[in-house]
$ cat my_file_17.cif   # mmCIF, C-alpha atoms
data_model
#
loop_
_atom_site.label_atom_id
_atom_site.label_comp_id
_atom_site.auth_asym_id
_atom_site.auth_seq_id
_atom_site.Cartn_x
_atom_site.Cartn_y
_atom_site.Cartn_z
CA MET A 1 0.00 0.00 0.00
CA PRO A 2 1.41 3.40 -1.01
CA SER A 3 2.29 5.79 1.76
CA LEU A 4 0.24 8.90 2.44
CA LYS A 5 3.08 11.15 1.39
CA SER A 6 3.51 9.49 -2.01
CA LEU A 7 -0.25 9.71 -2.60
CA ARG A 8 -0.23 13.40 -1.73
CA ASN A 9 2.61 13.96 -4.18
CA ARG A 10 0.81 12.14 -6.97
CA ILE A 11 -2.39 14.09 -6.43
CA SER A 12 -0.59 17.40 -6.60
CA SER A 13 1.32 16.39 -9.72
CA VAL A 14 -1.87 15.27 -11.50
CA LYS A 15 -3.51 18.51 -10.42
CA SER A 16 -0.79 20.59 -12.04
CA THR A 17 -1.01 18.47 -15.19
CA GLN A 18 -4.73 19.16 -15.23
CA LYS A 19 -4.10 22.88 -14.96
CA ILE A 20 -1.81 22.72 -17.99
CA THR A 21 -4.21 20.70 -20.14
CA LYS A 22 -7.06 23.00 -19.17
CA ALA A 23 -5.06 26.07 -20.16
CA MET A 24 -4.04 24.43 -23.44
CA LYS A 25 -7.65 23.62 -24.17
CA MET A 26 -8.67 27.21 -23.72
CA VAL A 27 -5.81 28.51 -25.83
CA ALA A 28 -6.70 26.03 -28.57
CA ALA A 29 -10.34 27.12 -28.43
CA ALA A 30 -9.37 30.76 -28.90
CA LYS A 31 -6.99 29.95 -31.73
CA LEU A 32 -9.58 27.70 -33.34
CA ARG A 33 -11.99 30.59 -33.63
CA ARG A 34 -9.39 32.66 -35.42
CA ALA A 35 -8.26 29.82 -37.68
CA GLN A 36 -11.83 29.01 -38.57
CA SER A 37 -12.71 32.57 -39.51
CA GLN A 38 -9.50 32.81 -41.54
CA ALA A 39 -10.45 29.65 -43.42
CA GLU A 40 -13.92 31.02 -44.09
CA ALA A 41 -12.59 34.39 -45.24
CA ALA A 42 -10.41 32.67 -47.83
CA ARG A 43 -13.25 30.62 -49.28
CA PRO A 44 -14.75 33.16 -51.75
CA TYR A 45 -11.43 33.49 -53.56
CA ALA A 46 -11.06 29.74 -53.90
CA THR A 47 -14.60 29.24 -55.18
CA ARG A 48 -14.37 32.08 -57.73
CA MET A 49 -11.00 30.80 -58.84
CA ALA A 50 -12.38 27.30 -59.30
CA ALA A 51 -15.28 28.64 -61.37
CA MET A 52 -12.93 30.61 -63.59
CA MET A 53 -10.63 27.62 -63.95
CA SER A 54 -13.41 25.31 -65.08
CA ALA A 55 -14.63 27.89 -67.60
CA LEU A 56 -11.15 28.12 -69.09
CA ALA A 57 -10.12 24.49 -68.74
CA GLN A 58 -12.99 23.15 -70.84
CA GLY A 59 -11.82 25.01 -73.87
CA ALA A 60 -8.15 24.32 -73.31
CA SER A 61 -7.96 20.65 -72.34
CA SER A 62 -8.76 19.48 -75.88
CA ASN A 63 -6.00 21.68 -77.24
CA PRO A 64 -2.84 19.64 -77.98
CA ASN A 65 -0.67 22.53 -76.80
CA ALA A 66 -2.48 22.80 -73.49
CA PRO A 67 -0.10 23.50 -70.59
CA LYS A 68 1.26 20.40 -68.90
CA LEU A 69 0.10 21.65 -65.51
CA LEU A 70 -3.45 21.30 -66.78
CA VAL A 71 -3.39 18.01 -68.67
CA GLY A 72 -0.35 16.25 -67.18
CA THR A 73 2.71 14.77 -68.80
CA GLY A 74 0.86 11.82 -70.27
CA SER A 75 2.35 9.41 -67.76
CA ASP A 76 1.46 8.58 -64.18
CA LYS A 77 4.57 6.72 -63.10
CA ARG A 78 6.12 9.17 -60.68
CA HIS A 79 4.05 10.68 -57.91
CA LEU A 80 4.63 13.52 -55.49
CA ILE A 81 2.59 13.51 -52.31
CA VAL A 82 2.31 16.79 -50.44
CA ALA A 83 1.45 15.87 -46.85
CA VAL A 84 0.18 18.72 -44.70
CA THR A 85 0.67 18.16 -40.98
CA ALA A 86 0.95 20.52 -38.04
CA ASP A 87 4.14 21.85 -36.48
CA ARG A 88 3.09 20.86 -32.99
CA GLY A 89 1.80 17.76 -31.29
CA LEU A 90 -0.53 17.16 -28.35
CA ALA A 91 -3.48 17.09 -30.68
CA GLY A 92 -4.70 13.54 -30.46
CA PRO A 93 -4.51 11.48 -33.65
CA PHE A 94 -4.31 14.56 -35.90
CA ASN A 95 -0.76 14.15 -37.18
CA ALA A 96 -0.53 10.39 -36.82
CA SER A 97 -3.61 9.66 -38.93
CA LEU A 98 -2.40 11.93 -41.71
CA VAL A 99 1.07 10.40 -41.73
CA ARG A 100 -0.49 6.93 -41.79
CA ALA A 101 -2.69 7.86 -44.76
CA ALA A 102 0.24 9.29 -46.70
CA ARG A 103 2.36 6.26 -45.93
CA THR A 104 -0.37 3.87 -47.06
CA LYS A 105 -0.66 5.81 -50.30
CA VAL A 106 3.07 5.61 -50.91
CA ARG A 107 3.05 1.85 -50.28
CA ALA A 108 0.04 1.37 -52.56
CA LEU A 109 1.71 3.29 -55.37
CA GLU A 110 4.90 1.33 -54.97
CA THR A 111 3.16 -2.03 -55.16
CA GLU A 112 1.71 -0.83 -58.47
CA GLY A 113 5.27 -0.34 -59.67
CA LYS A 114 5.19 3.44 -59.47
CA THR A 115 7.51 5.67 -57.54
CA ALA A 116 6.44 8.17 -54.93
CA GLN A 117 8.09 11.06 -53.17
CA VAL A 118 6.86 12.89 -50.11
CA PHE A 119 6.88 16.64 -49.59
CA ALA A 120 6.37 17.19 -45.86
CA VAL A 121 4.62 20.41 -44.93
CA GLY A 122 4.78 20.85 -41.16
CA ARG A 123 7.37 19.77 -38.64
CA LYS A 124 5.57 16.73 -37.25
CA GLY A 125 5.18 15.17 -40.66
CA ARG A 126 8.80 15.80 -41.52
CA ASP A 127 9.97 14.13 -38.32
CA SER A 128 8.00 10.96 -38.84
CA PHE A 129 8.61 10.63 -42.58
CA ARG A 130 12.32 11.11 -42.04
CA ARG A 131 12.40 8.05 -39.85
CA ASP A 132 11.39 5.48 -42.44
CA MET A 133 11.13 7.30 -45.76
CA SER A 134 14.23 9.46 -45.77
CA ASP A 135 15.13 8.13 -49.24
CA ARG A 136 11.78 9.26 -50.64
CA MET A 137 11.77 12.76 -49.19
CA PHE A 138 11.26 15.49 -51.75
CA GLY A 139 11.67 18.28 -49.23
CA ASP A 140 10.05 19.84 -46.24
CA ILE A 141 8.84 23.17 -45.02
CA ASN A 142 7.42 24.32 -41.72
CA PHE A 143 5.92 27.41 -40.16
CA VAL A 144 7.38 27.19 -36.68
CA GLY A 145 7.20 30.56 -34.95
CA LYS A 146 4.65 32.03 -37.38
CA LYS A 147 1.41 33.28 -35.96
CA SER A 148 -0.90 32.53 -38.82
CA VAL A 149 -0.65 31.13 -42.32
CA ALA A 150 0.00 33.76 -44.99
CA PHE A 151 -0.75 33.33 -48.65
CA ALA A 152 2.88 34.00 -49.51
CA GLU A 153 3.84 30.74 -47.80
CA ALA A 154 1.39 28.74 -49.88
CA GLU A 155 2.80 30.47 -52.94
CA ALA A 156 6.34 29.48 -51.98
CA ILE A 157 5.26 25.85 -51.69
CA ALA A 158 3.51 26.04 -55.05
CA GLN A 159 6.60 27.51 -56.67
CA ARG A 160 8.79 24.70 -55.38
CA ILE A 161 6.35 22.12 -56.69
CA ILE A 162 6.08 23.77 -60.09
CA ALA A 163 9.84 24.17 -60.42
CA ALA A 164 10.32 20.46 -59.76
CA PHE A 165 7.49 19.60 -62.15
CA ASP A 166 9.04 21.68 -64.92
CA ASP A 167 12.34 19.89 -64.34
CA GLY A 168 10.54 16.60 -64.91
CA GLY A 169 10.79 15.48 -61.30
CA PHE A 170 7.37 13.83 -61.23
CA ASP A 171 4.17 13.35 -63.26
CA VAL A 172 1.35 13.52 -60.76
CA CYS A 173 1.03 15.60 -57.62
CA THR A 174 -1.49 14.97 -54.87
CA LEU A 175 -2.21 17.04 -51.80
CA VAL A 176 -3.04 15.12 -48.62
CA PHE A 177 -4.40 17.14 -45.70
CA ASN A 178 -6.82 17.07 -42.79
CA ARG A 179 -10.14 18.52 -43.81
CA PHE A 180 -11.98 20.41 -41.09
CA VAL A 181 -15.43 18.82 -41.06
CA SER A 182 -16.51 19.90 -37.61
CA ILE A 183 -14.90 20.49 -34.26
CA MET A 184 -15.18 16.80 -33.48
CA VAL A 185 -14.31 15.45 -36.91
CA GLN A 186 -11.23 16.00 -39.06
CA GLN A 187 -11.00 13.86 -42.12
CA VAL A 188 -7.95 13.01 -44.16
CA ALA A 189 -8.65 14.25 -47.68
CA GLU A 190 -6.81 14.13 -51.00
CA THR A 191 -6.85 16.74 -53.73
CA PRO A 192 -5.14 16.24 -57.08
CA LEU A 193 -2.95 19.26 -57.86
CA ILE A 194 -1.27 18.20 -61.08
CA PRO A 195 -2.75 17.53 -63.59
CA ALA A 196 -5.32 20.15 -62.72
CA ALA A 197 -7.77 18.91 -65.33
CA ALA A 198 -8.45 15.84 -63.20
CA GLY A 199 -9.70 18.07 -60.42
CA PRO A 200 -13.31 18.15 -59.28
CA ALA A 201 -13.60 21.74 -60.51
CA ASN A 202 -14.11 20.31 -63.98
CA ASP A 203 -17.27 18.32 -63.52
CA ASN A 204 -19.54 21.14 -62.46
CA GLY A 205 -18.26 23.61 -65.05
CA ALA A 206 -20.86 25.98 -66.44
CA GLU A 207 -22.55 23.93 -69.17
CA SER A 208 -23.31 26.46 -71.81
CA GLY A 209 -21.87 29.72 -70.53
CA ALA A 210 -18.30 28.51 -70.44
CA ASN A 211 -17.33 29.21 -73.99
CA GLU A 212 -19.08 32.50 -74.32
CA TYR A 213 -16.36 34.25 -72.40
CA GLU A 214 -14.03 36.53 -74.22
CA ILE A 215 -10.55 35.77 -73.04
CA GLU A 216 -7.86 38.34 -72.84
CA PRO A 217 -4.93 37.93 -73.50
CA ASP A 218 -5.98 35.31 -76.02
CA ASP A 219 -2.68 33.48 -76.55
CA GLY A 220 -2.96 30.97 -73.73
CA SER A 221 -0.78 33.01 -71.44
CA LEU A 222 -3.81 33.57 -69.23
CA LEU A 223 -3.81 29.86 -68.39
CA ASP A 224 -0.06 29.99 -67.82
CA ARG A 225 -0.70 32.59 -65.17
CA LEU A 226 -3.85 31.12 -63.76
CA LEU A 227 -2.60 27.56 -63.26
CA PRO A 228 0.24 28.32 -60.82
CA ARG A 229 -2.07 30.71 -59.05
CA ASN A 230 -4.73 28.04 -58.74
CA LEU A 231 -2.18 25.63 -57.32
CA ALA A 232 -1.18 28.14 -54.66
CA VAL A 233 -4.81 28.83 -53.81
CA GLN A 234 -5.55 25.13 -53.36
CA ILE A 235 -2.52 24.73 -51.13
CA TYR A 236 -3.49 27.81 -49.16
CA ALA A 237 -7.00 26.49 -48.63
CA ALA A 238 -5.57 23.16 -47.46
CA LEU A 239 -3.18 24.89 -45.05
CA LEU A 240 -6.01 26.86 -43.53
CA GLU A 241 -8.27 23.82 -43.24
CA SER A 242 -5.48 21.85 -41.66
CA ASN A 243 -4.74 24.70 -39.27
CA ALA A 244 -8.35 24.92 -38.13
CA GLY A 245 -8.51 21.13 -37.87
CA PHE A 246 -5.38 21.07 -35.77
CA TYR A 247 -6.76 23.43 -33.15
CA ALA A 248 -10.08 21.60 -33.10
CA SER A 249 -8.27 18.33 -32.61
CA GLN A 250 -6.04 19.80 -29.95
CA MET A 251 -9.02 21.23 -28.14
CA THR A 252 -10.78 17.86 -28.10
CA ALA A 253 -7.63 16.05 -27.01
CA MET A 254 -6.97 18.51 -24.19
CA ASP A 255 -10.60 18.35 -23.09
CA ASN A 256 -10.27 14.59 -22.79
CA ALA A 257 -7.00 14.93 -20.95
CA THR A 258 -8.51 17.37 -18.47
CA ARG A 259 -11.40 15.00 -17.84
CA ASN A 260 -9.11 12.02 -17.41
CA ALA A 261 -6.96 13.98 -14.99
CA GLY A 262 -10.10 14.83 -13.00
CA ASP A 263 -11.07 11.15 -12.83
CA MET A 264 -7.59 10.24 -11.70
CA ILE A 265 -7.62 12.91 -8.99
CA ASN A 266 -10.91 11.54 -7.69
CA ARG A 267 -9.55 8.00 -7.56
CA LEU A 268 -6.34 9.05 -5.88
CA THR A 269 -8.20 11.20 -3.33
CA MET A 270 -10.48 8.30 -2.49
CA ASN A 271 -7.45 6.07 -2.07
CA TYR A 272 -5.74 8.71 0.04
CA ASN A 273 -8.72 9.07 2.39
CA ARG A 274 -9.11 5.31 2.77
CA THR A 275 -5.47 4.96 3.69
CA ARG A 276 -5.71 7.82 6.13
CA GLN A 277 -8.78 6.25 7.78
CA ALA A 278 -7.10 2.86 7.98
CA ASN A 279 -4.12 4.46 9.67
CA ILE A 280 -6.32 6.19 12.24
CA THR A 281 -8.23 2.98 12.97
CA ARG A 282 -5.01 1.07 13.36
CA GLU A 283 -3.59 3.63 15.75
CA LEU A 284 -6.79 3.61 17.80
CA ILE A 285 -6.72 -0.17 18.08
CA GLU A 286 -3.12 0.03 19.20
CA ILE A 287 -3.92 2.60 21.89
CA ILE A 288 -7.04 0.80 23.13
CA SER A 289 -5.44 -2.61 23.26
CA GLY A 290 -2.45 -1.01 25.00
CA ALA A 291 -4.78 0.55 27.61
CA GLU A 292 -6.63 -2.73 28.16
CA ALA A 293 -3.42 -4.55 28.78
CA LEU A 294 -2.62 -2.35 31.78
CA MET B 1 -28.07 50.37 -63.47
CA THR B 2 -25.19 49.05 -61.47
CA THR B 3 -22.62 46.29 -61.66
CA ALA B 4 -22.08 44.09 -58.62
CA LEU B 5 -18.39 44.54 -57.95
CA GLU B 6 -16.48 42.05 -55.84
CA ILE B 7 -12.84 42.53 -54.97
CA ILE B 8 -11.35 39.41 -53.44
CA SER B 9 -7.82 38.80 -52.22
CA PRO B 10 -6.64 35.31 -51.20
CA GLU B 11 -7.02 36.26 -47.55
CA GLN B 12 -10.46 37.83 -47.61
CA LEU B 13 -13.41 39.32 -49.43
CA LEU B 14 -12.32 42.93 -49.50
CA LEU B 15 -15.29 44.67 -51.02
CA ALA B 16 -18.68 43.70 -52.41
CA ARG B 17 -21.05 46.43 -53.49
CA PRO B 18 -22.92 47.68 -56.54
CA VAL B 19 -21.10 50.41 -58.46
CA SER B 20 -21.96 52.39 -61.56
CA MET B 21 -18.58 51.87 -63.20
CA VAL B 22 -15.22 50.38 -62.38
CA VAL B 23 -11.97 50.71 -64.30
CA ILE B 24 -9.64 47.72 -64.04
CA PRO B 25 -6.08 47.42 -65.37
CA GLY B 26 -6.20 44.51 -67.85
CA THR B 27 -2.92 43.19 -69.23
CA GLU B 28 -3.83 44.57 -72.64
CA GLY B 29 -5.08 47.93 -71.43
CA ASP B 30 -7.43 49.47 -68.93
CA LEU B 31 -11.02 48.31 -69.10
CA GLY B 32 -14.00 50.35 -68.01
CA ILE B 33 -16.67 47.97 -66.82
CA LEU B 34 -20.23 49.26 -67.10
CA PRO B 35 -23.41 47.25 -66.59
CA GLU B 36 -24.24 44.94 -69.55
CA HIS B 37 -20.57 44.44 -70.36
CA SER B 38 -19.99 41.33 -72.47
CA LYS B 39 -18.65 38.25 -70.71
CA LEU B 40 -14.91 38.43 -70.28
CA ILE B 41 -12.06 36.82 -68.41
CA THR B 42 -8.83 38.75 -68.29
CA SER B 43 -5.61 38.81 -66.36
CA LEU B 44 -4.59 42.03 -64.65
CA ARG B 45 -1.33 43.90 -64.63
CA GLY B 46 -0.17 46.03 -61.74
CA GLY B 47 -2.23 49.18 -61.66
CA MET B 48 -5.14 51.07 -60.25
CA ILE B 49 -8.73 49.94 -59.79
CA ASP B 50 -10.92 53.04 -59.85
CA ILE B 51 -14.47 52.80 -58.58
CA TYR B 52 -16.85 55.37 -60.06
CA GLU B 53 -20.10 56.54 -58.59
CA ASP B 54 -21.93 58.98 -60.89
CA ASP B 55 -18.77 59.87 -62.86
CA VAL B 56 -16.75 60.56 -59.73
CA ILE B 57 -13.99 58.33 -58.41
CA VAL B 58 -15.02 57.29 -54.92
CA ASP B 59 -12.38 54.68 -54.20
CA ARG B 60 -8.99 53.75 -55.60
CA PHE B 61 -7.11 50.51 -54.98
CA PHE B 62 -3.74 49.38 -56.17
CA VAL B 63 -3.43 45.76 -57.36
CA THR B 64 -0.18 43.99 -58.13
CA GLY B 65 -1.88 41.68 -60.60
CA GLY B 66 -4.51 38.99 -60.70
CA PHE B 67 -7.58 38.09 -62.72
CA ALA B 68 -11.00 39.49 -63.37
CA GLU B 69 -14.20 37.83 -64.49
CA VAL B 70 -16.85 40.07 -65.98
CA THR B 71 -20.43 39.17 -66.80
CA GLU B 72 -23.40 41.35 -67.71
CA ASP B 73 -24.31 42.11 -64.12
CA ARG B 74 -21.19 41.28 -62.16
CA CYS B 75 -17.47 42.03 -62.02
CA THR B 76 -15.23 39.84 -59.88
CA VAL B 77 -11.64 40.88 -59.29
CA LEU B 78 -9.30 38.20 -57.94
CA ALA B 79 -6.33 40.25 -56.82
CA ASP B 80 -2.87 38.90 -55.99
CA GLN B 81 -2.24 41.68 -53.53
CA ILE B 82 -4.35 44.73 -53.05
CA VAL B 83 -3.98 47.92 -51.03
CA LYS B 84 -5.87 51.15 -50.76
CA LEU B 85 -3.95 53.86 -52.55
CA SER B 86 -3.61 55.84 -49.33
CA GLU B 87 -1.89 52.89 -47.65
CA ILE B 88 1.05 52.55 -50.05
CA ASN B 89 4.40 53.32 -48.47
CA PRO B 90 6.36 55.57 -50.89
CA ASP B 91 9.78 54.35 -49.73
CA ASP B 92 8.86 50.70 -50.26
CA ALA B 93 7.47 51.54 -53.69
CA ALA B 94 10.67 53.35 -54.71
CA SER B 95 13.01 50.61 -53.51
CA GLU B 96 10.87 47.91 -55.17
CA LEU B 97 11.08 49.85 -58.43
CA ALA B 98 14.88 49.96 -58.16
CA ASN B 99 15.04 46.22 -57.42
CA ALA B 100 12.64 45.37 -60.25
CA THR B 101 14.61 47.48 -62.73
CA GLU B 102 17.79 45.71 -61.74
CA ALA B 103 16.14 42.28 -62.01
CA TYR B 104 14.75 43.14 -65.44
CA ARG B 105 18.14 44.32 -66.69
CA THR B 106 19.91 41.14 -65.62
CA VAL B 107 17.26 38.60 -66.61
CA ASN B 108 18.08 36.00 -69.26
CA GLU B 109 15.95 37.07 -72.20
CA THR B 110 15.81 33.62 -73.76
CA ASP B 111 14.01 32.24 -70.71
CA THR B 112 10.43 33.32 -71.50
CA ALA B 113 8.93 32.53 -68.11
CA ALA B 114 11.63 34.36 -66.17
CA TRP B 115 11.51 37.25 -68.58
CA ARG B 116 7.76 37.55 -68.25
CA GLN B 117 8.01 37.44 -64.49
CA ALA B 118 10.65 40.16 -64.44
CA SER B 119 8.73 42.39 -66.82
CA ASP B 120 5.50 41.92 -64.85
CA ARG B 121 7.35 42.89 -61.73
CA LEU B 122 8.79 45.99 -63.35
CA ILE B 123 5.39 47.08 -64.72
CA THR B 124 3.84 46.60 -61.29
CA ALA B 125 6.57 48.52 -59.50
CA GLN B 126 6.41 51.35 -62.03
CA ALA B 127 2.62 51.49 -61.77
CA ARG B 128 2.84 51.72 -58.01
CA VAL B 129 5.26 54.64 -58.12
CA ASP B 130 3.16 56.32 -60.83
CA ALA B 131 0.01 55.90 -58.77
CA LEU B 132 1.65 57.64 -55.85
CA GLY B 133 2.96 60.44 -58.07
CA ALA B 134 -0.49 61.01 -59.53
CA GLU B 135 -2.04 61.24 -56.13
CA THR B 136 0.41 63.70 -54.60
CA HIS B 137 -0.02 65.75 -57.77
CA GLU B 138 -3.79 65.83 -57.32
CA LYS B 139 -3.43 66.94 -53.73
CA ARG B 140 -1.46 70.00 -54.76
#
$ encode --input "my_file_17.cif" --output "C-alpha cells"
Amino acid sequence: MPSLKSLRNRISSVKSTQKITKAMKMVAAAKLRRAQSQAEAARPYATRMAAMMSALAQGASSNPNAPKLLVGTGSDKRHLIVAVTADRGLAGPFNASLVRAARTKVRALETEGKTAQVFAVGRKGRDSFRRDMSDRMFGDINFVGKKSVAFAEAEAIAQRIIAAFDDGGFDVCTLVFNRFVSIMVQQVAETPLIPAAAGPANDNGAESGANEYEIEPDDGSLLDRLLPRNLAVQIYAALLESNAGFYASQMTAMDNATRNAGDMINRLTMNYNRTRQANITRELIEIISGAEAL
Amino acid sequence: MTTALEIISPEQLLLARPVSMVVIPGTEGDLGILPEHSKLITSLRGGMIDIYEDDVIVDRFFVTGGFAEVTEDRCTVLADQIVKLSEINPDDAASELANATEAYRTVNETDTAAWRQASDRLITAQARVDALGAETHEKR
C-alpha cells in the first residue's frame, strides 16, 4: 500500500497536469476561432477561382498545346505527395492519422510499380517521414514561430512544386491534408494538384456559358498565369483547413486529458482518504489494546 | 443600373457592393466595366482599380496583378495583392522599383517565363510609383 506522502505527491502532480491541459484547451479554443474565420474568409477566392478555372479548362484541355500543368505529362509513373501536418503535437490522432494515410498511399503506389516522393509540410510530418522514408523525401517546409498562415507561404510551396514539375521530377502531384469537417471530426482528404484537369472543378463547369467568355490575352498566357495561381490557392485552402482542424483536434484532445486527470484525482483522493482512515483505525486499536493490557 | 463589384484577395473578401462603373487594369489595357458588359475573363497587370459613382472616383485601390471575371451584371476581381492607394508606403514603392529594374536588366531574355516574371514585376513597380505620383499631384 502506497504511503500517504507518495499519494499526496501524486495528487498534486496530477492537479498541475490538469491545470496545464485546461489552459491548453482554452488557448486552442481561442486559436480555433481565429483559424476558422480565416479559413472562411479565404473561401470566396477559392470558389471564384475554381469557377474561372473550369470555364477556361474546358476550352483548353482538348487543345494539344495545353499546358502540362493542366493536362499532365501523359504518364502517371512518378508521384509527389504533399502531406500537410501541423508543427506541434498534443493534438490527439491529428498528425498520426495523416502520416499513416500518406504512408499507405506511398506503399500502394509502390506495389503498383510506381515511384512516390513525399513533400512534408509541417514539422511533425517531416519528423516521422524522415524516420522510415528518408530516401523518398522530396523536401520539407514548416511554419514554426509564425502566428498565422500567410498566402505568400502557400505560394512558396507552389513555386517549389512547379519548379520540380518543370524539371521533370514527377508526373502527378497529390495534396493530402486534414479537412476540417466539424470540431469533433477532421477527415484526411486528398486533392489532385497536377494535372489540374483531373480536379473536381471540372465536372460542375458551367454547361453552356463557359465558352461565351471573351478571353484576354488570347494566346494561352492567361492559363499559364492562372494555373500556378490556382495551385497556390488550393494549397493555401488546405493549409487553412489543416490549421483549423489542428486546433479543433487539440481542443478535443486537451478536453479529454482534463477529464481524465479529473477522474484520476478523484480516484487518488479516495485512495488517500481510505489509507488515512485505515491508519487512524489502526492507531486507535493500538492505543485501546495497549490501555486494556494495563 | 449598377454592376455588382467584388474585390477578393486570397485572404479575404475585400469589397462587395454595386457600383456604376469600375476601371480595371487589364494586361492589354485598362477596361471600363459598365453594366451589360460582355462576358470576359482577363488577367490584370499592376495598376489602379478606380471605382466610379456617378462619374466621380469614390475609391482607388492598387493591385499587383490577378484576374477578373466580368459578366453582364457582375465584375469579380481576384487580386494577388491589393492595397488602398492611401496605404502605399512611398519608400517601399521606390526601392521595389529599383530592385525590379535591376532584375529586369539582368534577366536572361531567352528564358520566357523568367523574362515575363521580371517584366510583370517591373510594370507593377512602375505602376505603383506612378500611382503615388499622380495622387500627390492631385493633392497640390
$ closest_residue --input "my_file_17.cif" --among "A:Leu222, A:Val118, A:Ile235, A:Ala101" --to "Gln159 of chain A" --atoms "all atoms listed in the file"
A:Ile235
$ closest_residue --input "my_file_17.cif" --among "A:Asp132, A:Glu40, A:Glu286, A:Glu190" --to "chain B" --atoms "only C-alpha atoms"
A:Glu40
$ resolve_selection --input "my_file_17.cif" --expression "the PyMOL selection byres ((chain B) within 7 of (chain A))" --output "PyMOL selection string"
chain B and resi 8-13+28+39-43+78
$ write_last_selection --input "my_file_17.cif" --atoms "C-alpha atoms" --output "compact mmCIF listing (two decimals), in the frame of the given file"
# COMPACT_ATOMS: atom_id res chain seq x y z
CA ILE B 8 -11.35 39.41 -53.44
CA SER B 9 -7.82 38.80 -52.22
CA PRO B 10 -6.64 35.31 -51.20
CA GLU B 11 -7.02 36.26 -47.55
CA GLN B 12 -10.46 37.83 -47.61
CA LEU B 13 -13.41 39.32 -49.43
CA GLU B 28 -3.83 44.57 -72.64
CA LYS B 39 -18.65 38.25 -70.71
CA LEU B 40 -14.91 38.43 -70.28
CA ILE B 41 -12.06 36.82 -68.41
CA THR B 42 -8.83 38.75 -68.29
CA SER B 43 -5.61 38.81 -66.36
CA LEU B 78 -9.30 38.20 -57.94
$ atom_distance --input "my_file_17.cif" --atom1 "atom CA of Pro90 of chain B" --atom2 "atom CA of Val19 of chain B"
28.9 Å
$ atom_distance --input "my_file_17.cif" --atom1 "atom CA of Thr252 of chain A" --atom2 "atom CA of Arg267 of chain A"
22.8 Å
$ atom_distance --input "my_file_17.cif" --atom1 "atom CA of His79 of chain A" --atom2 "atom CA of Thr191 of chain A"
13.2 Å
$ resolve_selection --input "my_file_17.cif" --expression "the PyMOL selection byres ((chain B and resi 70-74) around 8)" --output "ChimeraX atom specification"
/B:2-6,33,35-41,68-69,75-76
